[in-house]
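Q: So here's upload.cif, just mmCIF, C-alpha atoms:
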data_protein
#
loop_
_atom_site.label_atom_id
_atom_site.label_comp_id
_atom_site.auth_asym_id
_atom_site.auth_seq_id
_atom_site.Cartn_x
_atom_site.Cartn_y
_atom_site.Cartn_z
CA MET M 1444 79.44 -67.94 -46.92
CA GLY M 1445 81.83 -68.54 -44.03
CA LEU M 1446 80.95 -69.89 -40.63
CA ARG M 1447 81.77 -66.61 -38.95
CA LEU M 1448 79.32 -64.69 -41.19
CA ARG M 1449 76.57 -67.27 -40.58
CA VAL M 1450 76.97 -67.03 -36.81
CA ILE M 1451 76.91 -63.24 -36.97
CA LEU M 1452 73.76 -63.28 -39.11
CA ILE M 1453 72.10 -65.85 -36.84
CA LEU M 1454 72.76 -63.63 -33.80
CA ILE M 1455 72.23 -60.17 -35.29
CA VAL M 1456 69.06 -60.67 -37.37
CA PRO M 1457 66.90 -61.90 -34.45
CA THR M 1458 68.34 -59.19 -32.19
CA VAL M 1459 67.50 -56.45 -34.68
CA LEU M 1460 64.00 -57.86 -35.14
CA ALA M 1461 63.45 -58.07 -31.36
CA VAL M 1462 64.64 -54.48 -30.83
CA GLY M 1463 62.45 -53.26 -33.68
CA ALA M 1464 59.39 -55.10 -32.37
CA HIS M 1465 60.00 -53.71 -28.88
CA GLY M 1466 60.30 -50.17 -30.27
CA LEU M 1467 57.07 -50.53 -32.22
CA LEU M 1468 55.23 -51.91 -29.20
CA ARG M 1469 56.54 -49.09 -27.03
CA LEU M 1470 55.45 -46.51 -29.60
CA ARG M 1471 51.92 -47.95 -29.70
CA GLN M 1472 51.74 -47.96 -25.88
CA GLN M 1473 52.81 -44.31 -25.73
CA GLU M 1474 50.25 -43.38 -28.38
CA ALA M 1475 47.50 -45.12 -26.39
CA TRP M 1476 48.61 -43.34 -23.23
CA VAL M 1477 48.64 -39.91 -24.92
CA LEU M 1478 45.22 -40.60 -26.48
CA SER M 1479 43.84 -41.55 -23.07
CA GLU M 1480 45.20 -38.37 -21.49
CA ASP M 1481 43.79 -36.21 -24.30
CA ARG M 1482 40.39 -37.90 -23.91
CA GLN M 1483 40.35 -37.18 -20.18
CA ASP M 1484 41.29 -33.52 -20.76
CA LEU M 1485 38.53 -33.21 -23.34
CA GLN M 1486 35.96 -34.82 -21.03
CA ILE M 1487 36.76 -32.39 -18.21
CA THR M 1488 36.62 -29.35 -20.49
CA ALA M 1489 33.48 -30.58 -22.23
CA ARG M 1490 31.64 -31.23 -18.97
CA ALA M 1491 32.29 -27.66 -17.82
CA ILE M 1492 31.05 -26.31 -21.16
CA GLU M 1493 27.97 -28.58 -21.00
CA LEU M 1494 26.97 -27.31 -17.56
CA ALA M 1495 27.34 -23.69 -18.63
CA LEU M 1496 25.30 -24.33 -21.79
CA GLU M 1497 22.55 -26.21 -19.98
CA ASN M 1498 22.14 -23.25 -17.62
CA ALA M 1499 22.10 -20.79 -20.53
CA LEU M 1500 19.58 -22.91 -22.47
CA GLU M 1501 17.40 -23.16 -19.38
CA ALA M 1502 17.42 -19.37 -18.99
CA ARG M 1503 17.05 -18.86 -22.78
CA GLN M 1504 20.13 -16.61 -22.80
CA LEU M 1505 21.78 -17.70 -26.04
CA ALA M 1506 22.87 -14.22 -27.10
CA GLY M 1507 25.93 -14.09 -24.87
CA VAL M 1508 26.70 -17.78 -25.16
CA GLU M 1509 27.94 -17.57 -28.73
CA GLN M 1510 30.45 -14.84 -27.84
CA ARG M 1511 31.64 -16.79 -24.76
CA LEU M 1512 32.13 -19.94 -26.83
CA THR M 1513 34.00 -18.00 -29.52
CA ASP M 1514 36.28 -16.49 -26.86
CA MET M 1515 36.84 -19.93 -25.36
CA VAL M 1516 37.82 -21.41 -28.72
CA GLU M 1517 40.19 -18.53 -29.45
CA GLN M 1518 41.83 -18.69 -26.00
CA GLN M 1519 41.99 -22.47 -25.69
CA GLY M 1520 44.03 -23.09 -28.81
CA LEU M 1521 43.31 -26.82 -29.07
CA ILE M 1522 39.53 -26.52 -29.43
CA ASP M 1523 38.65 -26.09 -33.08
CA ARG M 1524 34.94 -25.44 -32.68
CA ILE M 1525 31.91 -25.82 -30.46
CA ARG M 1526 28.43 -26.19 -31.90
CA VAL M 1527 25.14 -26.42 -30.04
CA PHE M 1528 22.14 -28.06 -31.70
CA ASP M 1529 18.45 -28.09 -30.87
CA PRO M 1530 16.65 -31.47 -30.57
CA GLU M 1531 16.01 -31.42 -34.35
CA LEU M 1532 19.79 -31.00 -34.87
CA ARG M 1533 19.61 -27.46 -36.22
CA PRO M 1534 22.62 -25.35 -35.14
CA LEU M 1535 21.67 -22.90 -32.38
CA VAL M 1536 25.14 -21.61 -31.50
CA VAL M 1537 28.38 -21.92 -33.46
CA SER M 1538 31.68 -20.77 -31.98
CA ASN M 1539 33.39 -20.48 -35.34
CA ARG M 1540 31.53 -19.08 -38.33
CA LEU M 1541 33.69 -21.19 -40.67
CA ALA M 1542 32.27 -24.30 -38.98
CA ILE M 1543 28.71 -23.49 -40.08
CA GLY M 1544 29.33 -25.01 -43.50
CA GLU M 1545 30.89 -28.15 -42.04
CA ALA M 1546 28.82 -31.29 -42.23
CA ILE M 1547 26.65 -31.99 -39.22
CA PRO M 1548 27.30 -35.50 -37.88
CA THR M 1549 23.58 -36.26 -37.76
CA ALA M 1550 23.89 -40.04 -37.42
CA ALA M 1551 26.31 -39.76 -34.49
CA LEU M 1552 24.23 -37.00 -32.86
CA ARG M 1553 21.04 -39.09 -33.15
CA GLN M 1554 22.93 -42.00 -31.61
CA ILE M 1555 23.99 -40.00 -28.54
CA LEU M 1556 20.54 -38.43 -28.20
CA ASN M 1557 18.93 -41.90 -28.22
CA ALA M 1558 21.53 -43.39 -25.86
CA ARG M 1559 21.42 -40.25 -23.66
CA ARG M 1560 25.16 -40.39 -23.03
CA PRO M 1561 28.20 -38.61 -24.48
CA GLU M 1562 30.56 -40.20 -26.97
CA ILE M 1563 34.08 -39.35 -28.09
CA PHE M 1564 35.18 -40.16 -31.62
CA TYR M 1565 38.79 -40.03 -32.76
CA GLN M 1566 39.85 -39.17 -36.31
CA LYS M 1567 43.48 -39.88 -37.07
CA GLY M 1568 45.09 -37.14 -39.15
CA PRO M 1569 47.26 -35.17 -39.61
CA PRO M 1570 45.84 -33.21 -38.04
CA SER M 1571 44.13 -35.65 -35.67
CA TYR M 1572 40.87 -34.67 -33.96
CA PHE M 1573 38.61 -35.73 -31.14
CA TYR M 1574 34.88 -35.21 -31.65
CA TYR M 1575 32.97 -34.96 -28.36
CA LEU M 1576 29.20 -35.28 -28.80
CA ALA M 1577 26.81 -35.12 -25.87
CA PRO M 1578 23.14 -34.50 -25.17
CA LEU M 1579 22.15 -31.36 -23.27
CA TYR M 1580 19.48 -31.62 -20.58
CA GLY M 1581 16.87 -29.23 -19.29
CA PRO M 1582 15.94 -28.77 -15.62
CA THR M 1583 13.45 -31.65 -15.72
CA GLY M 1584 15.97 -34.06 -17.26
CA ASN M 1585 14.55 -33.85 -20.76
CA VAL M 1586 16.93 -33.54 -23.72
CA VAL M 1587 16.96 -29.97 -24.99
CA GLY M 1588 19.72 -30.31 -27.55
CA ALA M 1589 23.20 -31.58 -28.23
CA ILE M 1590 26.73 -30.26 -28.23
CA GLU M 1591 29.67 -30.96 -30.52
CA ILE M 1592 33.18 -30.05 -29.40
CA VAL M 1593 36.01 -30.64 -31.85
CA ARG M 1594 39.47 -30.66 -30.29
CA LEU M 1595 42.84 -31.10 -31.96
CA ALA M 1596 44.81 -34.13 -30.76
CA ALA M 1597 48.07 -32.22 -31.10
CA ALA M 1598 49.94 -34.32 -28.51
CA VAL M 1599 49.29 -37.46 -30.54
CA ASP M 1600 50.45 -35.81 -33.76
CA ARG M 1601 53.63 -34.54 -32.06
CA ARG M 1602 54.47 -38.04 -30.78
#
Please lay out the structure from this file as structure tokens.

A:
Amino acid sequence: MGLRLRVILILIVPTVLAVGAHGLLRLRQQEAWVLSEDRQDLQITARAIELALENALEARQLAGVEQRLTDMVEQQGLIDRIRVFDPELRPLVVSNRLAIGEAIPTAALRQILNARRPEIFYQKGPPSYFYYLAPLYGPTGNVVGAIEIVRLAAAVDRR
């Protein structure tokens, strides 16, 4: 191997590795940024849904809630399903009839009911999903149920 080839290899190989490492790091940073944005969007949407559901549960008006949630899922596009559970984790309202047969994340729901705070879980796909689980409160601050919102993480999959 000639001196010229050695010098070229000594200069090019580290440069290619550095550019590749930088590209990979940049890709991971962008993915984290997109995930963070998607989480914030989900939290805002979920909080609005929670407030509406808490008011409906307080007034015991579940009949119209299911239709409103179904409409919301159909119009939103990214939301796959919304399920509302009673304190014993039995489904009260399901936005998508196909979701009824889906497994209920009982361990995660019990965890958020005990901690009394919402949690977001991310499942990498394709397709990738966010699972938003939160307790629902009555007028006296007691837990009256839980909500599950499943949202596609389409921006992450596109990136």

Q: Measure the distance from CA of Gln1472 (chain M) to CA of Ala1551 (chain M) in Å and round it to one decimal.

A: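 Distance reported for this atom pair: 28.1 Å.
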
Q: Identify, on the basis of all atoms listed in the file, every residue whose closest approach to Tyr1565 (chain M) does not exceed 10 Å; exclude the query and any residue fewer than 2 positions from it along the same chain; express the result as JSON, numbers by chain.

A: {"M": [1478, 1482, 1563, 1567, 1568, 1571, 1572, 1573, 1574, 1575, 1593, 1594, 1595, 1596]}

Q: Could you name the residues that touch Gly1507 (chain M) at 12 Å or less, counting all atoms listed in the file, but leaving out those on the same chain fewer than 6 positions away, as a PyMOL selection string?

A: chain M and resi 1495-1496+1499-1500+1513-1514+1536-1538

Q: What does the structure give for the distance between CA of Asn1539 (chain M) and CA of Ile1590 (chain M), in Å to one decimal?

A: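 That distance, rounded to one decimal, is 13.8 Å.
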
Q: In Å, rounded to a single decimal, give me how far CA of Arg1559 (chain M) is from CA of Pro1578 (chain M).

A: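 So the answer is 6.2 Å.
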
Q: Of the residues M:Ile1492, M:Leu1579, M:Val1586, M:Leu1535, which is the one nearest to Met1515 (chain M), using only C-alpha atoms?

A: M:Ile1492

Q: For Glu1497 (chain M), please output as a ChimeraX atom specification all residues within 9 Å (counting all atoms listed in the file; exclusion window: fewer than 5 positions along the same chain).

A: /M:1492,1502,1579-1582,1587

Q: Under the PyMOL selection byres ((chain M and resi 1552-1554) around 8), which residues of this model are included? Write them out as a PyMOL selection string.

A: chain M and resi 1532+1548-1551+1555-1558+1576-1577+1589
